[in-house]
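final22.tsv (TSV, C-alpha atoms) appears below.
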chain	number	residue	atom	x	y	z
A	28	MET	CA	121.58	113.74	75.57
A	29	LEU	CA	119.55	115.31	72.76
A	30	ASN	CA	117.04	116.57	75.32
A	31	ASP	CA	119.81	118.31	77.26
A	32	GLU	CA	121.10	119.85	74.03
A	33	ALA	CA	117.59	121.04	73.12
A	34	ARG	CA	117.21	122.70	76.51
A	35	TYR	CA	120.61	124.35	76.16
A	36	PHE	CA	119.79	125.56	72.65
A	37	VAL	CA	116.50	127.18	73.75
A	38	ASP	CA	118.16	128.73	76.82
A	39	ARG	CA	120.82	130.31	74.63
A	40	TRP	CA	118.23	131.44	72.09
A	41	GLU	CA	116.16	133.08	74.85
A	42	HIS	CA	119.29	134.79	76.15
A	43	CYS	CA	119.92	136.26	72.70
A	44	ALA	CA	116.26	137.12	72.17
A	45	GLU	CA	116.26	139.29	75.29
A	46	ARG	CA	118.79	141.50	73.54
A	47	SER	CA	116.91	141.73	70.24
A	48	PRO	CA	114.06	144.12	69.35
A	49	ALA	CA	110.80	142.45	70.30
A	50	GLU	CA	109.24	143.08	66.88
A	51	LYS	CA	111.96	141.03	65.18
A	52	ILE	CA	110.87	137.79	66.85
A	53	SER	CA	107.35	136.52	66.26
A	54	ASN	CA	105.20	135.18	69.05
A	55	GLU	CA	104.88	131.96	67.07
A	56	THR	CA	108.64	131.44	67.20
A	57	ARG	CA	108.76	132.13	70.93
A	58	THR	CA	105.87	129.73	71.51
A	59	GLN	CA	107.36	126.92	69.43
A	60	LEU	CA	110.75	127.14	71.14
A	61	ALA	CA	109.14	127.24	74.58
A	62	LEU	CA	107.27	124.08	73.60
A	63	VAL	CA	110.53	122.40	72.57
A	64	LYS	CA	111.99	123.28	75.97
A	65	LEU	CA	108.94	122.04	77.88
A	66	ILE	CA	109.02	118.67	76.13
A	67	ALA	CA	112.78	118.32	76.58
A	68	CYS	CA	112.45	119.12	80.29
A	69	GLY	CA	109.63	116.62	80.59
A	70	ARG	CA	111.70	113.88	79.01
A	71	VAL	CA	114.49	114.42	81.52
A	72	ARG	CA	112.01	114.73	84.40
A	73	LYS	CA	112.37	118.38	85.43
A	74	PRO	CA	108.96	119.00	87.06
A	75	THR	CA	109.57	122.52	88.36
A	76	THR	CA	110.64	123.81	84.94
A	77	VAL	CA	107.81	121.99	83.16
A	78	LEU	CA	105.19	123.50	85.47
A	79	ALA	CA	106.67	126.99	85.08
A	80	LEU	CA	106.63	126.65	81.28
A	81	GLY	CA	103.10	125.25	81.44
A	82	GLU	CA	101.96	128.49	83.07
A	83	ARG	CA	103.30	130.41	80.07
A	84	PHE	CA	100.99	128.48	77.75
A	85	LYS	CA	97.75	129.17	79.63
A	86	ASN	CA	96.87	132.09	77.38
A	87	SER	CA	98.37	130.70	74.18
A	88	GLY	CA	95.46	128.51	73.13
A	89	ASP	CA	94.88	130.06	69.70
A	90	GLU	CA	98.57	129.87	68.80
A	91	LEU	CA	98.91	126.13	69.43
A	92	SER	CA	97.95	123.11	67.38
A	93	GLU	CA	95.77	120.44	68.96
A	94	HIS	CA	98.75	118.09	69.12
A	95	ALA	CA	100.81	120.74	70.92
A	96	LYS	CA	98.01	121.27	73.45
A	97	LEU	CA	97.90	117.53	74.12
A	98	ALA	CA	101.67	117.42	74.58
A	99	ILE	CA	101.53	120.28	77.10
A	100	ASP	CA	98.67	118.64	79.00
A	101	TYR	CA	100.57	115.36	79.14
A	102	TRP	CA	103.88	116.75	80.35
A	103	VAL	CA	102.26	119.11	82.86
A	104	GLY	CA	100.23	116.16	84.16
A	105	CYS	CA	103.43	114.14	84.54
A	106	ALA	CA	105.17	117.03	86.30
A	107	LEU	CA	102.29	117.34	88.76
A	108	ALA	CA	102.55	113.62	89.53
A	109	TRP	CA	106.33	113.79	89.96
A	110	SER	CA	105.82	116.68	92.39
A	111	GLY	CA	103.44	114.62	94.53
A	112	ARG	CA	100.36	116.49	93.33
A	113	ASP	CA	98.68	113.28	92.23
A	114	GLU	CA	95.07	114.45	92.44
A	115	GLU	CA	95.72	117.35	90.06
A	116	ALA	CA	97.80	115.10	87.82
A	117	ARG	CA	95.04	112.51	87.57
A	118	VAL	CA	92.45	115.09	86.60
A	119	ARG	CA	94.64	116.41	83.79
A	120	LEU	CA	95.79	113.01	82.53
A	121	THR	CA	92.31	111.49	82.68
A	122	SER	CA	90.98	114.46	80.73
A	123	LEU	CA	93.69	113.88	78.15
A	124	TRP	CA	92.75	110.21	77.92
A	125	ASP	CA	89.10	111.14	77.35
A	126	SER	CA	89.76	113.90	74.84
A	127	THR	CA	91.99	112.26	72.24
A	128	GLU	CA	91.94	109.28	69.90
A	129	ASP	CA	95.73	109.37	69.53
A	130	ARG	CA	96.67	105.88	70.68
A	131	GLY	CA	100.27	106.79	71.54
A	132	MET	CA	99.21	109.75	73.65
A	133	ARG	CA	96.54	107.68	75.38
A	134	PHE	CA	99.08	104.96	76.15
A	135	ASP	CA	101.49	107.46	77.70
A	136	ALA	CA	98.73	109.06	79.79
A	137	ALA	CA	97.44	105.70	81.00
A	138	LEU	CA	100.96	104.55	81.91
A	139	GLU	CA	101.59	107.66	84.00
A	140	LEU	CA	98.19	107.26	85.69
A	141	ALA	CA	99.03	103.64	86.54
A	142	GLN	CA	102.28	104.73	88.15
A	143	SER	CA	100.55	107.53	90.06
A	144	TYR	CA	98.12	105.08	91.61
A	145	ALA	CA	100.88	102.53	92.26
A	146	ARG	CA	102.96	105.09	94.18
A	147	ARG	CA	100.02	105.62	96.54
A	148	GLY	CA	99.45	101.88	96.98
A	149	GLU	CA	96.16	101.95	95.07
A	150	THR	CA	96.91	98.71	93.25
A	151	LYS	CA	93.41	98.06	91.90
A	152	GLU	CA	93.29	101.37	90.04
A	153	ALA	CA	96.89	100.97	88.91
A	154	ALA	CA	96.10	97.54	87.45
A	155	GLU	CA	93.05	98.92	85.63
A	156	TRP	CA	95.16	101.60	83.92
A	157	LEU	CA	97.79	99.03	82.99
A	158	ASP	CA	95.03	96.96	81.38
A	159	ARG	CA	94.08	100.00	79.31
A	160	CYS	CA	97.73	100.39	78.34
A	161	ALA	CA	97.84	96.78	77.19
A	162	GLU	CA	95.04	97.44	74.72
A	163	LEU	CA	97.22	100.07	73.00
A	164	THR	CA	100.61	98.38	72.67
A	165	PHE	CA	100.41	97.43	68.95
A	166	ILE	CA	102.45	94.34	69.99
A	167	ASP	CA	105.28	96.77	70.73
A	168	PRO	CA	107.91	94.81	72.73
A	169	VAL	CA	109.08	97.87	74.67
A	170	LYS	CA	105.58	98.93	75.68
A	171	GLN	CA	104.58	95.35	76.53
A	172	GLY	CA	107.75	94.84	78.52
A	173	THR	CA	107.11	98.05	80.46
A	174	ILE	CA	103.60	96.87	81.32
A	175	ASP	CA	104.91	93.45	82.40
A	176	VAL	CA	107.47	95.07	84.72
A	177	LEU	CA	104.94	97.44	86.28
A	178	ARG	CA	102.46	94.60	86.77
A	179	ALA	CA	105.21	92.63	88.48
A	180	GLY	CA	105.75	95.63	90.75
A	181	LEU	CA	102.10	95.51	91.78
A	182	ALA	CA	102.33	91.75	92.37
A	183	SER	CA	105.37	92.24	94.61
A	184	GLU	CA	103.20	94.25	97.00
A	185	THR	CA	101.00	91.19	97.52
A	186	SER	CA	104.03	89.06	98.48
A	187	GLU	CA	104.27	87.39	95.06
A	188	LEU	CA	107.92	88.32	95.00
A	189	GLU	CA	109.59	85.34	93.39
A	190	PRO	CA	107.28	85.31	90.33
A	191	ALA	CA	107.58	89.11	90.09
A	192	ARG	CA	111.36	88.87	90.18
A	193	GLU	CA	111.37	86.18	87.48
A	194	THR	CA	109.20	88.35	85.25
A	195	CYS	CA	111.46	91.37	85.67
A	196	ALA	CA	114.60	89.32	85.08
A	197	LYS	CA	113.16	87.88	81.87
A	198	VAL	CA	112.16	91.31	80.58
A	199	ARG	CA	115.61	92.64	81.53
A	200	ASP	CA	117.44	89.90	79.62
A	201	ASP	CA	115.14	90.12	76.57
A	202	ALA	CA	115.48	93.90	76.46
A	203	ARG	CA	119.26	93.72	76.64
A	204	ALA	CA	119.35	91.18	73.81
A	205	ARG	CA	117.19	93.47	71.64
A	206	GLY	CA	119.12	96.61	72.53
A	207	HIS	CA	116.25	98.25	74.44
A	208	MET	CA	118.46	99.58	77.20
A	209	ALA	CA	115.96	101.95	78.87
A	210	LEU	CA	113.58	99.02	79.38
A	211	ALA	CA	116.49	96.83	80.53
A	212	ALA	CA	117.37	99.45	83.16
A	213	LEU	CA	113.77	99.62	84.42
A	214	ALA	CA	113.47	95.84	84.62
A	215	ALA	CA	116.87	95.45	86.29
A	216	SER	CA	115.88	97.97	88.95
A	217	ARG	CA	112.53	96.28	89.60
A	218	ALA	CA	114.18	92.85	89.83
A	219	ALA	CA	116.65	94.31	92.34
A	220	TRP	CA	113.76	95.80	94.32
A	221	CYS	CA	112.23	92.31	94.60
A	222	ASP	CA	115.59	91.03	95.88
A	223	LEU	CA	115.64	93.82	98.46
A	224	GLU	CA	112.14	92.89	99.60
A	225	LEU	CA	113.28	89.28	99.93
A	226	ARG	CA	116.25	90.54	101.98
A	227	TYR	CA	118.76	89.26	99.45
A	228	PHE	CA	120.78	92.39	100.11
A	229	ASP	CA	123.97	91.63	98.20
A	230	THR	CA	122.04	90.47	95.12
A	231	ALA	CA	119.81	93.54	95.34
A	232	ARG	CA	122.77	95.88	95.51
A	233	GLU	CA	124.35	94.22	92.48
A	234	GLY	CA	121.06	94.63	90.60
A	235	PHE	CA	120.78	98.33	91.45
A	236	GLU	CA	124.42	98.80	90.41
A	237	ALA	CA	123.64	97.19	87.04
A	238	ALA	CA	120.58	99.39	86.59
A	239	ARG	CA	122.59	102.47	87.53
A	240	LEU	CA	125.26	101.61	84.97
A	241	LEU	CA	122.58	101.34	82.27
A	242	THR	CA	121.00	104.68	83.20
A	243	ARG	CA	124.42	106.31	83.10
A	244	SER	CA	125.09	104.94	79.62
A	245	LEU	CA	121.75	106.41	78.52
A	246	GLY	CA	122.47	109.81	80.07
A	247	SER	CA	119.37	109.45	82.28
A	248	TRP	CA	120.80	111.32	85.25
A	249	GLU	CA	117.52	111.57	87.14
A	250	LYS	CA	117.23	107.77	87.03
A	251	TYR	CA	120.91	107.43	87.90
A	252	ALA	CA	120.17	109.46	91.04
A	253	ARG	CA	117.32	107.15	92.00
A	254	GLU	CA	119.40	104.02	91.55
A	255	THR	CA	122.11	105.59	93.72
A	256	THR	CA	119.49	106.10	96.44
A	257	ARG	CA	118.45	102.46	96.12
A	258	ILE	CA	122.05	101.30	96.58
A	259	GLY	CA	122.44	103.42	99.71
A	260	GLU	CA	119.05	102.32	101.02
A	261	THR	CA	120.00	98.67	100.56
A	262	LEU	CA	123.19	99.16	102.58
A	263	LEU	CA	121.16	100.89	105.29
A	264	TRP	CA	118.58	98.10	105.59
A	265	GLN	CA	121.47	95.62	105.64
A	266	GLY	CA	122.81	97.31	108.76
A	267	ARG	CA	125.77	98.95	107.01
A	268	ALA	CA	124.88	102.54	107.85
A	269	GLN	CA	128.42	103.90	107.75
A	270	GLU	CA	128.95	102.59	104.21
A	271	ALA	CA	125.55	103.98	103.20
A	272	VAL	CA	126.41	107.57	104.17
A	273	PRO	CA	128.66	108.57	101.22
A	274	VAL	CA	126.37	106.79	98.76
A	275	LEU	CA	123.31	108.60	100.06
A	276	GLU	CA	125.15	111.93	100.18
A	277	GLU	CA	125.84	111.50	96.48
A	278	ALA	CA	122.22	110.44	95.91
A	279	LEU	CA	120.89	113.58	97.63
A	280	ARG	CA	123.20	115.81	95.60
A	281	LEU	CA	122.20	114.13	92.34
A	282	SER	CA	118.48	114.17	93.18
A	283	THR	CA	118.67	117.88	94.00
A	284	GLU	CA	120.43	118.58	90.71
A	285	ALA	CA	117.79	116.50	88.93
A	286	ASP	CA	114.93	118.52	90.53
A	287	ASP	CA	113.14	115.32	91.59
A	288	PRO	CA	111.03	116.00	94.73
A	289	ILE	CA	110.20	112.36	95.42
A	290	ALA	CA	113.83	111.28	95.08
A	291	ILE	CA	114.99	114.20	97.25
A	292	ALA	CA	112.60	113.16	100.04
A	293	GLU	CA	113.72	109.52	99.82
A	294	ALA	CA	117.43	110.37	99.87
A	295	THR	CA	117.00	112.83	102.74
A	296	VAL	CA	115.13	110.33	104.93
A	297	HIS	CA	117.62	107.52	104.34
A	298	LEU	CA	120.71	109.74	104.64
A	299	GLY	CA	119.42	111.15	107.92
A	300	ALA	CA	118.95	107.65	109.29
A	301	ALA	CA	122.38	106.51	108.08
A	302	LEU	CA	124.06	109.51	109.74
A	303	ALA	CA	122.14	109.00	113.00
A	304	LEU	CA	123.05	105.32	113.16
A	305	SER	CA	126.72	105.75	112.28
A	306	ARG	CA	128.07	109.21	113.13
A	307	ASP	CA	125.90	111.90	114.64
A	308	PRO	CA	122.50	111.01	116.15
A	309	VAL	CA	121.44	114.65	116.49
A	310	GLU	CA	122.40	115.77	112.98
A	311	GLY	CA	121.03	112.57	111.47
A	312	SER	CA	117.71	112.77	113.30
A	313	THR	CA	117.31	116.42	112.26
A	314	LEU	CA	117.94	115.52	108.61
A	315	CYS	CA	115.56	112.55	108.79
A	316	ASP	CA	112.87	114.84	110.25
A	317	ARG	CA	113.48	117.26	107.36
A	318	GLY	CA	112.94	114.37	104.96
A	319	VAL	CA	109.66	113.58	106.70
A	320	GLU	CA	108.43	117.13	106.13
A	321	LEU	CA	109.38	116.91	102.45
A	322	ALA	CA	107.64	113.54	102.14
A	323	LYS	CA	104.46	114.88	103.76
A	324	LYS	CA	104.29	117.77	101.28
A	325	ILE	CA	104.32	115.40	98.30
A	326	HIS	CA	102.43	112.51	99.94
A	327	ALA	CA	105.41	110.16	99.53
A	328	SER	CA	103.95	107.29	101.56
A	329	GLU	CA	106.94	104.98	101.06
A	330	SER	CA	109.35	107.57	102.46
A	331	LEU	CA	107.00	108.26	105.38
A	332	ALA	CA	106.77	104.56	106.24
A	333	ALA	CA	110.55	104.17	106.02
A	334	SER	CA	111.14	107.26	108.15
A	335	THR	CA	109.06	105.93	111.04
A	336	LEU	CA	110.97	102.64	111.00
A	337	HIS	CA	114.29	104.47	110.86
A	338	ARG	CA	113.38	106.87	113.66
A	339	LEU	CA	112.17	104.01	115.85
A	340	ARG	CA	115.48	102.21	115.35
A	341	ILE	CA	117.38	105.43	116.17
A	342	ALA	CA	115.35	105.90	119.38
A	343	LEU	CA	116.10	102.31	120.42
A	344	VAL	CA	119.82	102.73	119.76
A	345	ARG	CA	119.86	105.97	121.75
A	346	GLU	CA	117.79	104.31	124.51
A	347	ASP	CA	115.33	107.18	124.28
A	348	MET	CA	112.32	105.46	125.82
A	349	GLU	CA	109.96	108.42	125.44
A	350	SER	CA	110.58	108.59	121.69
A	351	THR	CA	110.51	104.80	121.46
A	352	LYS	CA	107.04	104.70	122.98
A	353	MET	CA	105.73	107.45	120.68
A	354	LEU	CA	107.27	105.99	117.53
A	355	ALA	CA	106.16	102.45	118.33
A	356	ALA	CA	102.58	103.71	118.55
A	357	GLN	CA	103.05	105.61	115.28
A	358	CYS	CA	104.50	102.52	113.62
A	359	ARG	CA	101.45	100.49	114.60
A	360	ALA	CA	99.13	103.25	113.39
A	361	GLU	CA	100.93	103.24	110.01
A	362	ALA	CA	100.57	99.49	109.51
A	363	ALA	CA	98.66	100.12	106.27
A	364	LEU	CA	101.77	101.83	104.84
A	365	HIS	CA	103.84	98.68	105.40
A	366	ARG	CA	102.71	97.26	102.08
A	367	THR	CA	105.91	95.41	101.29
A	368	PRO	CA	107.48	92.38	103.00
A	369	LEU	CA	110.66	94.27	103.92
A	370	TYR	CA	108.75	96.96	105.80
A	371	LYS	CA	106.53	94.37	107.47
A	372	PHE	CA	109.58	92.42	108.62
A	373	GLU	CA	111.33	95.53	109.93
A	374	ALA	CA	108.21	96.76	111.71
A	375	LYS	CA	107.65	93.41	113.42
A	376	ALA	CA	111.27	93.16	114.58
A	377	LEU	CA	111.46	96.76	115.81
A	378	LEU	CA	108.11	96.64	117.60
A	379	SER	CA	109.08	93.42	119.35
A	380	LEU	CA	112.31	95.02	120.54
A	381	ALA	CA	110.47	98.19	121.58
A	382	ASP	CA	107.92	96.19	123.60
A	383	ASP	CA	110.74	94.37	125.39
A	384	ARG	CA	112.49	97.63	126.26
A	385	LEU	CA	109.29	99.33	127.40
A	386	SER	CA	108.02	96.44	129.54

Could you write out this structure as structure tokens?
Amino acid sequence: MLNDEARYFVDRWEHCAERSPAEKISNETRTQLALVKLIACGRVRKPTTVLALGERFKNSGDELSEHAKLAIDYWVGCALAWSGRDEEARVRLTSLWDSTEDRGMRFDAALELAQSYARRGETKEAAEWLDRCAELTFIDPVKQGTIDVLRAGLASETSELEPARETCAKVRDDARARGHMALAALAASRAAWCDLELRYFDTAREGFEAARLLTRSLGSWEKYARETTRIGETLLWQGRAQEAVPVLEEALRLSTEADDPIAIAEATVHLGAALALSRDPVEGSTLCDRGVELAKKIHASESLAASTLHRLRIALVREDMESTKMLAAQCRAEAALHRTPLYKFEAKALLSLADDRLS
């Protein structure tokens, strides 16, 4: 909430400053308030605004302290990653890691790098950056818990789902007991994701609901939007497309308001599929295709893998054999994207059905 108030304060200040004589407001004041806004936007995950503000600081080197420069580099690096520009993000964040001895800043950079690699399925590199994080925790229970949850996420991609779920559940319960609700929300969501991968759909949905409730209590609306997408996605994979539609419509609205490109692509792909499978095949397929284009722009491999599975199911339901043949071939070509057990299961079932229909 304080971050939202800081953004509002700076916005109002800038509005007033536009109406004041330029000589009455020093460049230092303008720079410091812009920095406050950039950091506040970074903390609530507003990548577009962070990148725009970052551009304003390109020629402000002499006016900034070294710590301020590091903060700008960190948040701009994060914003690049959140926008799907992982290569640029990694260059900036790795440079930050190499250029400072500030252990807190290095931890934050390494954690974001680990998540960047994890999103692309590069688990070896992600694990290496998590190891670097672990060297900088100062026995901090929140930092250590975050590392444990992210490591469990990597393990879940190698089918070690039950141990990963147990780890996340333990971190969730410990964090709740200690009052670390942001960590509890993260762990609850990851535990629910393991349940989804195990096809424990009802348990997964309950877990995402619990995580969403925690994010709402924290005022983390961008995370609330993501948990809403997860709930809708779970209903969709469970075969309850009609129930998924209103949930995913809300998720898309919230993700758009949150300015989260990855979440927007995810919600668009899943909503399109839910609409196509429950109400309007043409409108739904068009929306799903739009989600694919968004996912391609930001290299959202998970959304791309899901979209192919959804579109293959839609083609089978519509008895569109030409599209079924094309999408079955695409699904086989994308086998490397089916990193998780749920996607592997869905791909195997859909391809078997497609082969039967095409034979």

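Counting only C-alpha atoms and comparing A:Leu107, A:Ala237, A:Ala182, A:Leu302, the residue that lies closest to A:Arg199 is A:Ala237.
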
Would you mind listing what lies within 10 Å of A:Asp287 as a list in words, with all atoms listed in the file counted and same-chain residues fewer than 2 positions away left out? Arg72, Lys73, Pro74, Thr75, Ala106, Trp109, Ser110, Glu249, Lys250, Ala252, Arg253, Leu279, Leu281, Ser282, Thr283, Glu284, Ala285, Ile289, Ala290, Ile291 and Ala292 of chain A

Can you tell me which residues surround A:Glu329 at a distance of at most 9 Å, considering only C-alpha atoms, apart from same-chain residues fewer than 4 positions away, and format the answer as an mmCIF file with C-alpha atoms, keeping the file's coordinate frame?
data_model
loop_
_atom_site.group_PDB
_atom_site.id
_atom_site.type_symbol
_atom_site.label_atom_id
_atom_site.label_comp_id
_atom_site.auth_asym_id
_atom_site.auth_seq_id
_atom_site.Cartn_x
_atom_site.Cartn_y
_atom_site.Cartn_z
ATOM 1 C CA ARG A 146 102.960 105.090 94.180
ATOM 2 C CA ARG A 147 100.020 105.620 96.540
ATOM 3 C CA GLU A 293 113.720 109.520 99.820
ATOM 4 C CA ALA A 322 107.640 113.540 102.140
ATOM 5 C CA ALA A 333 110.550 104.170 106.020
ATOM 6 C CA SER A 334 111.140 107.260 108.150
ATOM 7 C CA LEU A 364 101.770 101.830 104.840
ATOM 8 C CA HIS A 365 103.840 98.680 105.400
ATOM 9 C CA ARG A 366 102.710 97.260 102.080
#

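Put simply, atom CA of A:Ala278 is 8.9 Å away from atom CA of A:Leu298.
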
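Nearest to A:Gly111 of all the residues A:Leu263, A:Leu321, A:Ala300, A:Leu138 is A:Leu321, based on all atoms listed in the file.
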
Nearest residue to A:Trp264 from the set A:Arg243, A:Arg217, A:Lys197, A:His297 (distances using all atoms listed in the file): A:His297

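For the pair atom CA of A:Met348 and atom CA of A:Thr367, the interatomic distance is 27.3 Å.
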
Please determine, counting only C-alpha atoms, which residue among A:Thr194, A:Leu245, A:Lys96, A:Lys352 has the shortest atom-to-atom distance to A:Ser386. A:Lys352

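Distance check against A:Ala95 using all atoms listed in the file: of A:Gly180, A:Pro368, A:Gly81, A:Pro288, the minimum falls on A:Gly81.
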
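All residues of protein, DNA or RNA that reach within 7 Å of A:Ala355, judged by only C-alpha atoms and not counting those fewer than 2 positions away in the chain, are A:Leu339, A:Thr351, A:Lys352, A:Met353, A:Gln357, A:Cys358, A:Arg359, A:Leu378, A:Ala381.
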
Enclose the full set of atoms of stretch 192-203 of chain A listed in the file within a box whose edges lie along x, y and z, apply 5 Å of padding to each of the six sides, and report centre and edge lengths in Å to one decimal as lines of an AutoDock Vina configuration file.
center_x = 114.2
center_y = 90.0
center_z = 83.3
size_x = 20.1
size_y = 17.7
size_z = 23.7

Considering all atoms listed in the file, can you say which of A:Val296, A:Ala376, A:Leu275, A:Ala202 comes closest to A:Gly311? A:Val296

How would you write as JSON, numbers by chain the residues that get within 10 Å of (98.9, 106.0, 92.4) in the file's frame, counting only C-alpha atoms? {"A": [108, 111, 113, 114, 117, 139, 140, 141, 142, 143, 144, 145, 146, 147, 148, 149, 150, 151, 152, 153]}

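The space between atom CA of A:Ala327 and atom CA of A:Arg112 spans 10.2 Å.
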
Just add N, CA and C atoms to stretch 66-82 of chain A and send it as a short mmCIF file (atom, residue, chain, number, x, y, z; two decimals), in the frame of the given file.
data_model
loop_
_atom_site.label_atom_id
_atom_site.label_comp_id
_atom_site.auth_asym_id
_atom_site.auth_seq_id
_atom_site.Cartn_x
_atom_site.Cartn_y
_atom_site.Cartn_z
N ILE A 66 108.97 120.11 76.41
CA ILE A 66 109.02 118.67 76.13
C ILE A 66 110.37 118.08 76.52
N ALA A 67 111.45 118.80 76.21
CA ALA A 67 112.78 118.32 76.58
C ALA A 67 112.92 118.19 78.09
N CYS A 68 112.39 119.17 78.83
CA CYS A 68 112.45 119.12 80.29
C CYS A 68 111.59 117.98 80.83
N GLY A 69 110.46 117.74 80.18
CA GLY A 69 109.63 116.62 80.59
C GLY A 69 110.34 115.29 80.40
N ARG A 70 111.02 115.15 79.30
CA ARG A 70 111.70 113.88 79.01
C ARG A 70 112.86 113.59 79.97
N VAL A 71 113.43 114.64 80.53
CA VAL A 71 114.49 114.42 81.52
C VAL A 71 113.98 114.66 82.94
N ARG A 72 112.68 114.69 83.10
CA ARG A 72 112.01 114.73 84.40
C ARG A 72 112.43 115.94 85.24
N LYS A 73 112.13 117.12 84.71
CA LYS A 73 112.37 118.38 85.43
C LYS A 73 111.03 119.02 85.76
N PRO A 74 110.34 118.56 86.81
CA PRO A 74 108.96 119.00 87.06
C PRO A 74 108.80 120.49 87.30
N THR A 75 109.72 121.10 88.04
CA THR A 75 109.57 122.52 88.36
C THR A 75 109.59 123.36 87.09
N THR A 76 110.54 123.06 86.20
CA THR A 76 110.64 123.81 84.94
C THR A 76 109.43 123.56 84.05
N VAL A 77 108.98 122.32 83.98
CA VAL A 77 107.81 121.99 83.16
C VAL A 77 106.58 122.76 83.64
N LEU A 78 106.37 122.80 84.94
CA LEU A 78 105.19 123.50 85.47
C LEU A 78 105.29 125.00 85.22
N ALA A 79 106.49 125.55 85.35
CA ALA A 79 106.67 126.99 85.08
C ALA A 79 106.38 127.30 83.61
N LEU A 80 106.89 126.46 82.71
CA LEU A 80 106.63 126.65 81.28
C LEU A 80 105.15 126.44 80.96
N GLY A 81 104.53 125.49 81.66
CA GLY A 81 103.10 125.25 81.44
C GLY A 81 102.28 126.48 81.73
N GLU A 82 102.67 127.25 82.75
CA GLU A 82 101.96 128.49 83.07
C GLU A 82 102.02 129.48 81.91
#
